[in-house]
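Colleague: So that you have it, the file is start_2.cif, and it contains mmCIF, C-alpha atoms:
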```cif
data_work
#
loop_
_atom_site.label_atom_id
_atom_site.label_comp_id
_atom_site.auth_asym_id
_atom_site.auth_seq_id
_atom_site.Cartn_x
_atom_site.Cartn_y
_atom_site.Cartn_z
CA MET A 1 19.55 15.78 -6.52
CA TRP A 2 20.90 12.74 -4.71
CA THR A 3 19.44 13.85 -1.37
CA THR A 4 15.96 14.02 -2.94
CA THR A 5 16.43 10.52 -4.34
CA ALA A 6 17.67 9.26 -0.96
CA ALA A 7 14.70 10.86 0.82
CA LEU A 8 12.24 9.18 -1.56
CA ALA A 9 13.99 5.82 -1.13
CA LEU A 10 13.92 6.20 2.67
CA ALA A 11 10.21 7.05 2.63
CA LEU A 12 9.47 3.97 0.53
CA TYR A 13 11.56 1.74 2.79
CA LEU A 14 9.82 3.08 5.90
CA LEU A 15 6.48 2.30 4.27
CA LEU A 16 7.70 -1.25 3.57
CA VAL A 17 8.79 -1.97 7.15
CA MET A 18 5.93 -0.18 8.94
CA TRP A 19 4.89 -1.72 12.30
CA SER A 20 8.30 -3.36 12.83
CA GLY A 21 9.06 -1.77 16.23
CA ASP A 22 8.19 0.90 18.79
CA ILE A 23 10.11 4.06 17.72
CA VAL A 24 6.81 5.51 16.46
CA LEU A 25 6.22 2.52 14.13
CA TRP A 26 9.71 1.28 13.36
CA ALA A 27 12.51 -0.75 14.96
CA LEU A 28 15.95 0.85 15.41
CA ASP A 29 17.80 -1.66 13.18
CA GLU A 30 15.25 -1.14 10.39
CA LEU A 31 15.82 2.64 10.59
CA ILE A 32 19.60 2.15 10.32
CA VAL A 33 19.29 -0.29 7.37
CA GLY A 34 16.85 2.11 5.72
CA ALA A 35 19.24 5.07 6.07
CA VAL A 36 22.19 3.07 4.65
CA LEU A 37 20.12 1.74 1.72
CA ALA A 38 18.64 5.18 0.99
CA ALA A 39 22.12 6.73 0.88
CA ALA A 40 23.28 3.98 -1.50
CA VAL A 41 20.22 4.40 -3.78
CA GLY A 42 20.67 8.18 -3.76
CA GLY A 43 24.33 7.87 -4.70
CA VAL A 44 23.71 5.42 -7.55
CA ALA A 45 20.45 6.70 -9.04
CA GLY A 46 20.47 10.38 -8.03
CA ALA A 47 22.14 11.63 -11.17
CA LEU A 48 20.09 9.46 -13.55
CA LEU A 49 16.60 9.97 -12.19
CA TRP A 50 16.12 13.68 -12.78
CA GLU A 51 18.01 14.46 -15.94
CA ARG A 52 15.05 13.99 -18.34
CA GLY A 53 12.36 16.11 -16.72
CA GLY A 54 11.71 13.79 -13.76
CA TRP A 55 11.74 16.82 -11.43
CA ARG A 56 8.22 17.63 -12.66
CA MET A 57 6.89 14.71 -10.68
CA LEU A 58 7.98 16.39 -7.43
CA GLN A 59 5.01 18.74 -7.73
CA PRO A 60 2.39 17.27 -5.38
CA HIS A 61 -0.64 17.93 -7.60
CA ARG A 62 0.86 15.56 -10.20
CA TRP A 63 0.87 12.79 -7.60
CA PHE A 64 -2.83 13.31 -6.89
CA LEU A 65 -3.54 13.36 -10.62
CA LEU A 66 -1.52 10.12 -11.04
CA ILE A 67 -3.44 8.37 -8.26
CA ALA A 68 -6.77 9.64 -9.63
CA TYR A 69 -5.73 8.42 -13.09
CA VAL A 70 -4.73 4.93 -11.92
CA VAL A 71 -7.87 4.23 -9.88
CA GLY A 72 -10.19 6.01 -12.34
CA PRO A 73 -9.66 6.07 -16.13
CA LEU A 74 -6.80 3.53 -16.25
CA PHE A 75 -8.58 0.95 -14.09
CA PHE A 76 -11.78 1.43 -16.09
CA ALA A 77 -9.90 1.04 -19.39
CA MET A 78 -8.15 -2.08 -18.06
CA ALA A 79 -11.43 -3.62 -16.89
CA ARG A 80 -13.22 -2.99 -20.19
CA ALA A 81 -10.28 -4.19 -22.29
CA ASN A 82 -9.83 -7.26 -20.10
CA LEU A 83 -13.42 -8.33 -20.67
CA ASP A 84 -12.99 -7.65 -24.39
CA VAL A 85 -9.80 -9.73 -24.63
CA ALA A 86 -11.33 -12.45 -22.42
CA TRP A 87 -14.13 -12.70 -25.00
CA ARG A 88 -11.56 -12.90 -27.81
CA VAL A 89 -9.65 -15.64 -25.97
CA ILE A 90 -12.83 -17.72 -25.86
CA THR A 91 -14.10 -17.02 -29.39
CA GLY A 92 -10.71 -16.65 -31.12
CA ARG A 93 -11.95 -13.60 -33.08
CA ILE A 94 -8.85 -11.46 -33.59
CA ARG A 95 -7.71 -9.01 -36.26
CA PRO A 96 -4.15 -8.15 -35.23
CA GLY A 97 -1.86 -5.55 -36.71
CA ILE A 98 0.72 -2.91 -35.89
CA VAL A 99 -0.63 0.63 -36.28
CA ARG A 100 0.97 4.03 -35.99
CA PHE A 101 -0.31 7.16 -34.27
CA ASP A 102 1.08 10.37 -32.85
CA PRO A 103 -0.19 11.30 -29.37
CA ALA A 104 1.79 14.59 -29.51
CA LEU A 105 3.61 14.09 -26.21
CA ARG A 106 6.91 15.91 -25.94
CA THR A 107 8.58 14.69 -22.74
CA GLU A 108 10.11 11.27 -22.18
CA LEU A 109 8.19 10.97 -18.92
CA GLY A 110 4.87 11.53 -20.66
CA ARG A 111 5.73 9.05 -23.42
CA THR A 112 6.82 6.45 -20.87
CA LEU A 113 3.60 6.90 -18.90
CA LEU A 114 1.45 6.55 -22.01
CA ALA A 115 3.45 3.59 -23.39
CA ASN A 116 3.14 1.76 -20.07
CA SER A 117 -0.58 2.53 -19.83
CA ILE A 118 -1.15 1.27 -23.36
CA THR A 119 0.81 -1.90 -22.68
CA LEU A 120 -1.00 -2.46 -19.38
CA THR A 121 -4.34 -2.31 -21.19
CA PRO A 122 -4.98 -5.69 -22.81
CA GLY A 123 -5.52 -5.59 -26.56
CA THR A 124 -2.95 -2.86 -27.16
CA LEU A 125 0.81 -3.31 -26.85
CA THR A 126 3.47 -0.66 -27.46
CA VAL A 127 6.09 -2.23 -29.75
CA ASP A 128 8.19 0.85 -30.45
CA VAL A 129 8.32 4.61 -29.89
CA ASN A 130 10.28 6.92 -32.14
CA ASP A 131 12.40 8.96 -29.74
CA ASN A 132 12.75 11.90 -32.13
CA THR A 133 9.18 12.32 -33.36
CA GLY A 134 7.22 10.74 -30.49
CA VAL A 135 5.30 8.48 -32.89
CA PHE A 136 3.92 5.32 -31.26
CA TYR A 137 3.85 1.89 -32.96
CA VAL A 138 1.23 -0.20 -31.23
CA HIS A 139 0.28 -3.85 -31.75
CA TRP A 140 -3.51 -3.85 -31.68
CA ILE A 141 -5.43 -7.07 -31.33
CA ASN A 142 -8.56 -5.78 -33.10
CA VAL A 143 -7.66 -3.32 -35.85
CA THR A 144 -10.77 -1.37 -36.81
CA ASN A 145 -8.94 1.38 -38.69
CA GLU A 146 -5.53 1.04 -40.32
CA LYS A 147 -4.74 4.74 -39.77
CA PRO A 148 -6.28 5.33 -36.36
CA SER A 149 -6.36 8.47 -34.26
CA PRO A 150 -4.94 8.17 -30.72
CA GLU A 151 -8.51 8.18 -29.33
CA GLU A 152 -9.48 5.10 -31.33
CA VAL A 153 -6.60 3.07 -29.89
CA CYS A 154 -6.43 4.23 -26.30
CA GLY A 155 -9.26 6.67 -25.62
CA GLU A 156 -8.58 9.36 -23.05
CA LEU A 157 -5.18 8.02 -21.93
CA PRO A 158 -2.98 10.52 -23.89
CA VAL A 159 -4.94 13.45 -22.42
CA TRP A 160 -4.24 12.14 -18.92
CA ALA A 161 -0.58 11.44 -19.69
CA ARG A 162 -0.21 15.07 -20.81
CA ARG A 163 -2.05 16.33 -17.73
CA ILE A 164 0.15 14.31 -15.33
CA ALA A 165 3.60 14.49 -16.86
CA GLU A 166 3.84 17.57 -19.05
CA MET B 1 -16.42 -9.51 4.64
CA THR B 2 -14.79 -12.92 4.27
CA VAL B 3 -17.16 -13.38 1.34
CA LEU B 4 -15.56 -10.31 -0.29
CA VAL B 5 -12.12 -11.95 0.02
CA TYR B 6 -13.41 -15.08 -1.71
CA VAL B 7 -15.15 -13.09 -4.46
CA LEU B 8 -11.95 -11.12 -5.18
CA LEU B 9 -9.89 -14.33 -5.21
CA GLY B 10 -12.44 -15.92 -7.53
CA VAL B 11 -12.32 -13.05 -10.04
CA GLY B 12 -8.51 -13.13 -9.88
CA VAL B 13 -8.41 -16.85 -10.60
CA VAL B 14 -10.81 -16.49 -13.55
CA PHE B 15 -8.62 -13.84 -15.22
CA ASN B 16 -5.44 -15.82 -14.53
CA ALA B 17 -7.06 -18.90 -16.06
CA LEU B 18 -8.08 -16.88 -19.16
CA GLY B 19 -4.49 -15.69 -19.47
CA ALA B 20 -3.28 -19.29 -19.42
CA ILE B 21 -5.85 -20.30 -22.06
CA ALA B 22 -4.81 -17.32 -24.20
CA LEU B 23 -1.25 -18.64 -24.18
CA ILE B 24 -2.49 -21.81 -25.91
CA ARG B 25 -5.14 -20.32 -28.20
CA PHE B 26 -3.48 -17.24 -29.65
CA PRO B 27 -1.35 -17.69 -32.78
CA ASP B 28 1.87 -15.67 -32.31
CA VAL B 29 4.13 -14.00 -29.78
CA TYR B 30 2.41 -10.59 -29.82
CA THR B 31 -1.13 -11.81 -29.30
CA ARG B 32 0.14 -14.20 -26.62
CA ILE B 33 1.74 -11.27 -24.80
CA HIS B 34 -1.71 -9.65 -24.81
CA GLY B 35 -3.33 -12.62 -23.15
CA ALA B 36 -0.60 -14.03 -21.00
CA THR B 37 0.93 -10.95 -19.43
CA LYS B 38 -2.08 -8.72 -19.09
CA CYS B 39 -4.98 -10.94 -18.16
CA THR B 40 -2.66 -12.25 -15.45
CA THR B 41 -1.92 -8.69 -14.30
CA PHE B 42 -5.61 -8.00 -13.90
CA GLY B 43 -5.95 -11.35 -12.15
CA SER B 44 -3.11 -10.41 -9.83
CA VAL B 45 -4.77 -7.04 -9.09
CA PHE B 46 -7.80 -8.87 -7.72
CA SER B 47 -5.73 -11.52 -5.90
CA ILE B 48 -3.70 -8.76 -4.21
CA ALA B 49 -6.88 -6.82 -3.41
CA ALA B 50 -8.07 -9.98 -1.63
CA VAL B 51 -4.84 -10.09 0.40
CA VAL B 52 -5.23 -6.38 1.30
CA VAL B 53 -8.82 -6.86 2.49
CA HIS B 54 -7.76 -9.96 4.44
CA GLY B 55 -4.90 -7.97 6.03
CA PHE B 56 -7.21 -5.17 7.16
CA LEU B 57 -9.74 -7.66 8.50
CA ARG B 58 -7.05 -9.34 10.56
CA GLY B 59 -5.98 -5.95 11.94
CA GLY B 60 -3.01 -5.17 14.19
CA PRO B 61 0.64 -4.91 13.12
CA GLU B 62 0.63 -8.27 11.30
CA GLY B 63 -2.46 -7.54 9.23
CA GLY B 64 -1.26 -4.01 8.48
CA THR B 65 2.14 -5.28 7.33
CA LEU B 66 0.43 -7.84 5.11
CA ALA B 67 -1.79 -5.20 3.51
CA VAL B 68 1.01 -2.65 2.97
CA HIS B 69 3.40 -5.25 1.53
CA ALA B 70 0.73 -6.52 -0.84
CA LEU B 71 -0.05 -2.95 -1.98
CA ILE B 72 3.64 -2.19 -2.63
CA ALA B 73 3.93 -5.46 -4.56
CA LEU B 74 0.94 -4.33 -6.65
CA VAL B 75 2.51 -0.93 -7.40
CA PHE B 76 5.73 -2.55 -8.59
CA LEU B 77 3.83 -5.15 -10.58
CA LEU B 78 1.95 -2.36 -12.38
CA LEU B 79 5.23 -0.53 -13.03
CA THR B 80 7.37 -3.47 -14.18
CA ASN B 81 4.86 -5.61 -16.06
CA PRO B 82 4.31 -3.21 -19.00
CA THR B 83 8.04 -2.53 -19.16
CA GLY B 84 8.70 -6.26 -19.46
CA SER B 85 5.92 -6.83 -22.01
CA HIS B 86 7.21 -3.94 -24.09
CA ALA B 87 10.79 -5.27 -23.95
CA LEU B 88 9.58 -8.71 -25.08
CA ALA B 89 7.56 -7.26 -27.98
CA ARG B 90 10.31 -4.91 -29.13
CA GLY B 91 12.93 -7.66 -28.83
CA ALA B 92 10.74 -10.04 -30.83
CA TYR B 93 10.17 -7.46 -33.56
CA ARG B 94 13.85 -6.52 -33.79
CA SER B 95 14.87 -10.18 -34.09
CA GLY B 96 12.57 -10.54 -37.09
CA VAL B 97 9.36 -12.09 -35.75
CA LYS B 98 6.52 -10.79 -37.93
CA PRO B 99 3.01 -10.46 -36.50
CA PHE B 100 0.95 -13.46 -37.66
CA ARG B 101 -2.08 -12.77 -39.94
CA ALA B 102 -1.61 -9.03 -39.43
CA VAL B 103 -3.94 -6.77 -41.40
CA ILE B 104 -1.31 -4.03 -41.25
CA ASP B 105 2.34 -3.76 -40.18
CA GLN B 106 3.07 -0.03 -40.09
CA ILE B 107 6.68 -0.43 -38.89
CA GLU B 108 7.46 -2.49 -42.00
CA ARG B 109 5.72 0.09 -44.21
CA ASP B 110 7.58 3.02 -42.67
CA LYS B 111 10.93 1.37 -43.34
CA ARG B 112 10.43 1.42 -47.10
#
```
Can the structure from this file be put into structure tokens for me?

Modeller:
Amino acid sequence: MWTTTAALALALYLLLVMWSGDIVLWALDELIVGAVLAAAVGGVAGALLWERGGWRMLQPHRWFLLIAYVVGPLFFAMARANLDVAWRVITGRIRPGIVRFDPALRTELGRTLLANSITLTPGTLTVDVNDNTGVFYVHWINVTNEKPSPEEVCGELPVWARRIAE
Amino acid sequence: MTVLVYVLLGVGVVFNALGAIALIRFPDVYTRIHGATKCTTFGSVFSIAAVVVHGFLRGGPEGGTLAVHALIALVFLLLTNPTGSHALARGAYRSGVKPFRAVIDQIERDKR
């Protein structure tokens, strides 16, 4: 477990210091610092990172799905919601409230992904998630339905969260 | 292509400005989180996109480093910003701040 974590940390560090020298793309001192830091990160975080189903994300097709999700549906949802909230900032027309819905996600990874996506989209803000039942409490800036379905609040995002993380 | 950099910067500035206005106009902590943390994220996405384009235009090791660093900054911004917003909102709710003028507060209802 900790070697996987260390390898991921090393890859990220090498990406950060690309073009620093001439051993392929990196300088020798950067490679040494990277190896030391990666070992430290692996030792500290190795046991924590994988215990709740994080190993699923090691499957490469999930990475491609995640990238497709971020540049496609998530970016589109963010753009639309940003324009919507921008309009509300100017006009002051808001109808706030905290609503409840159940996106039926079972894993912590999936719930985290959906909660972060919802919070990243302006106009919806995850206030709380019930760890036992997976019910989401979301602050919604324009409540159109007091008992909404997941689609009304965040569209296709739960489907994608399930596809990527479960 | 330089025009593209300026357009991206312009869009970024507009969204950042809207976020700042939202901080003044919205009535309570939750609605302000909507405006202030997320319009600025979208603004930052465009500002960083401008830096990335500028980096690629400049080319060479320096430009490449600039672009890659900006992209990594964007990834971590997108990861940490919702976590922070969520922590603020949950902390506010737990310390007893009620949503202002809310048409429904389902957490309160579920407690009864």

Colleague: Counting all atoms listed in the file, which residue out of A:Arg106, A:Arg88, A:Arg111, A:Arg162 sits closest to chain B?

Modeller: A:Arg88

Colleague: Please evaluate the PyMOL selection byres ((chain B) within 9 of (chain A)) against the structure above and give the resulting residues as a PyMOL selection string.

Modeller: chain B and resi 15+18-19+21-22+25-26+30-31+33-35+37-39+41-42+60-62+64-65+68-69+72+78-83+85-91+93+99-107

Colleague: Okay, now the selection with C-alpha atoms, as a PDB file, in the coordinates of the input?

Modeller:
```pdb
ATOM      1  CA  PHE B  15      -8.620 -13.840 -15.220  1.00  0.00           C
ATOM      2  CA  LEU B  18      -8.080 -16.880 -19.160  1.00  0.00           C
ATOM      3  CA  GLY B  19      -4.490 -15.690 -19.470  1.00  0.00           C
ATOM      4  CA  ILE B  21      -5.850 -20.300 -22.060  1.00  0.00           C
ATOM      5  CA  ALA B  22      -4.810 -17.320 -24.200  1.00  0.00           C
ATOM      6  CA  ARG B  25      -5.140 -20.320 -28.200  1.00  0.00           C
ATOM      7  CA  PHE B  26      -3.480 -17.240 -29.650  1.00  0.00           C
ATOM      8  CA  TYR B  30       2.410 -10.590 -29.820  1.00  0.00           C
ATOM      9  CA  THR B  31      -1.130 -11.810 -29.300  1.00  0.00           C
ATOM     10  CA  ILE B  33       1.740 -11.270 -24.800  1.00  0.00           C
ATOM     11  CA  HIS B  34      -1.710  -9.650 -24.810  1.00  0.00           C
ATOM     12  CA  GLY B  35      -3.330 -12.620 -23.150  1.00  0.00           C
ATOM     13  CA  THR B  37       0.930 -10.950 -19.430  1.00  0.00           C
ATOM     14  CA  LYS B  38      -2.080  -8.720 -19.090  1.00  0.00           C
ATOM     15  CA  CYS B  39      -4.980 -10.940 -18.160  1.00  0.00           C
ATOM     16  CA  THR B  41      -1.920  -8.690 -14.300  1.00  0.00           C
ATOM     17  CA  PHE B  42      -5.610  -8.000 -13.900  1.00  0.00           C
ATOM     18  CA  GLY B  60      -3.010  -5.170  14.190  1.00  0.00           C
ATOM     19  CA  PRO B  61       0.640  -4.910  13.120  1.00  0.00           C
ATOM     20  CA  GLU B  62       0.630  -8.270  11.300  1.00  0.00           C
ATOM     21  CA  GLY B  64      -1.260  -4.010   8.480  1.00  0.00           C
ATOM     22  CA  THR B  65       2.140  -5.280   7.330  1.00  0.00           C
ATOM     23  CA  VAL B  68       1.010  -2.650   2.970  1.00  0.00           C
ATOM     24  CA  HIS B  69       3.400  -5.250   1.530  1.00  0.00           C
ATOM     25  CA  ILE B  72       3.640  -2.190  -2.630  1.00  0.00           C
ATOM     26  CA  LEU B  78       1.950  -2.360 -12.380  1.00  0.00           C
ATOM     27  CA  LEU B  79       5.230  -0.530 -13.030  1.00  0.00           C
ATOM     28  CA  THR B  80       7.370  -3.470 -14.180  1.00  0.00           C
ATOM     29  CA  ASN B  81       4.860  -5.610 -16.060  1.00  0.00           C
ATOM     30  CA  PRO B  82       4.310  -3.210 -19.000  1.00  0.00           C
ATOM     31  CA  THR B  83       8.040  -2.530 -19.160  1.00  0.00           C
ATOM     32  CA  SER B  85       5.920  -6.830 -22.010  1.00  0.00           C
ATOM     33  CA  HIS B  86       7.210  -3.940 -24.090  1.00  0.00           C
ATOM     34  CA  ALA B  87      10.790  -5.270 -23.950  1.00  0.00           C
ATOM     35  CA  LEU B  88       9.580  -8.710 -25.080  1.00  0.00           C
ATOM     36  CA  ALA B  89       7.560  -7.260 -27.980  1.00  0.00           C
ATOM     37  CA  ARG B  90      10.310  -4.910 -29.130  1.00  0.00           C
ATOM     38  CA  GLY B  91      12.930  -7.660 -28.830  1.00  0.00           C
ATOM     39  CA  TYR B  93      10.170  -7.460 -33.560  1.00  0.00           C
ATOM     40  CA  PRO B  99       3.010 -10.460 -36.500  1.00  0.00           C
ATOM     41  CA  PHE B 100       0.950 -13.460 -37.660  1.00  0.00           C
ATOM     42  CA  ARG B 101      -2.080 -12.770 -39.940  1.00  0.00           C
ATOM     43  CA  ALA B 102      -1.610  -9.030 -39.430  1.00  0.00           C
ATOM     44  CA  VAL B 103      -3.940  -6.770 -41.400  1.00  0.00           C
ATOM     45  CA  ILE B 104      -1.310  -4.030 -41.250  1.00  0.00           C
ATOM     46  CA  ASP B 105       2.340  -3.760 -40.180  1.00  0.00           C
ATOM     47  CA  GLN B 106       3.070  -0.030 -40.090  1.00  0.00           C
ATOM     48  CA  ILE B 107       6.680  -0.430 -38.890  1.00  0.00           C
TER      49      ILE B 107
END
```

Colleague: I would like the residues chosen by the PyMOL selection byres ((chain A and resi 26-40) around 9) on the shown file; could you give them as a PyMOL selection string?

Modeller: chain A and resi 2-3+5-11+13-14+17-25+41-45

Colleague: Hey, can you check how far CA of Leu58 (chain A) sits from CA of Thr4 (chain A)?

Modeller: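 We find that CA of Leu58 (chain A) and CA of Thr4 (chain A) lie 9.5 Å from each other.
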
Colleague: Could you tell me which residues the PyMOL selection byres ((chain A and resi 107) around 12) grabs in this file, written as number ranges by chain?

Modeller: A: 51-56, 103-106, 108-114, 131-134, 161-166

Colleague: Save the residues we just selected, C-alpha atoms, as a short mmCIF file (atom, residue, chain, number, x, y, z; two decimals), keeping the file's coordinate frame?

Modeller:
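Contents of again_0.cif, as written:
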```
data_model
loop_
_atom_site.label_atom_id
_atom_site.label_comp_id
_atom_site.auth_asym_id
_atom_site.auth_seq_id
_atom_site.Cartn_x
_atom_site.Cartn_y
_atom_site.Cartn_z
CA GLU A 51 18.01 14.46 -15.94
CA ARG A 52 15.05 13.99 -18.34
CA GLY A 53 12.36 16.11 -16.72
CA GLY A 54 11.71 13.79 -13.76
CA TRP A 55 11.74 16.82 -11.43
CA ARG A 56 8.22 17.63 -12.66
CA PRO A 103 -0.19 11.30 -29.37
CA ALA A 104 1.79 14.59 -29.51
CA LEU A 105 3.61 14.09 -26.21
CA ARG A 106 6.91 15.91 -25.94
CA GLU A 108 10.11 11.27 -22.18
CA LEU A 109 8.19 10.97 -18.92
CA GLY A 110 4.87 11.53 -20.66
CA ARG A 111 5.73 9.05 -23.42
CA THR A 112 6.82 6.45 -20.87
CA LEU A 113 3.60 6.90 -18.90
CA LEU A 114 1.45 6.55 -22.01
CA ASP A 131 12.40 8.96 -29.74
CA ASN A 132 12.75 11.90 -32.13
CA THR A 133 9.18 12.32 -33.36
CA GLY A 134 7.22 10.74 -30.49
CA ALA A 161 -0.58 11.44 -19.69
CA ARG A 162 -0.21 15.07 -20.81
CA ARG A 163 -2.05 16.33 -17.73
CA ILE A 164 0.15 14.31 -15.33
CA ALA A 165 3.60 14.49 -16.86
CA GLU A 166 3.84 17.57 -19.05
#
```

Colleague: What does the distance between CA of Phe46 (chain B) and CA of Trp63 (chain A) come to in Å, to one decimal place?

Modeller: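 Computing the Euclidean distance for CA of Phe46 (chain B) and CA of Trp63 (chain A) yields 23.3 Å.
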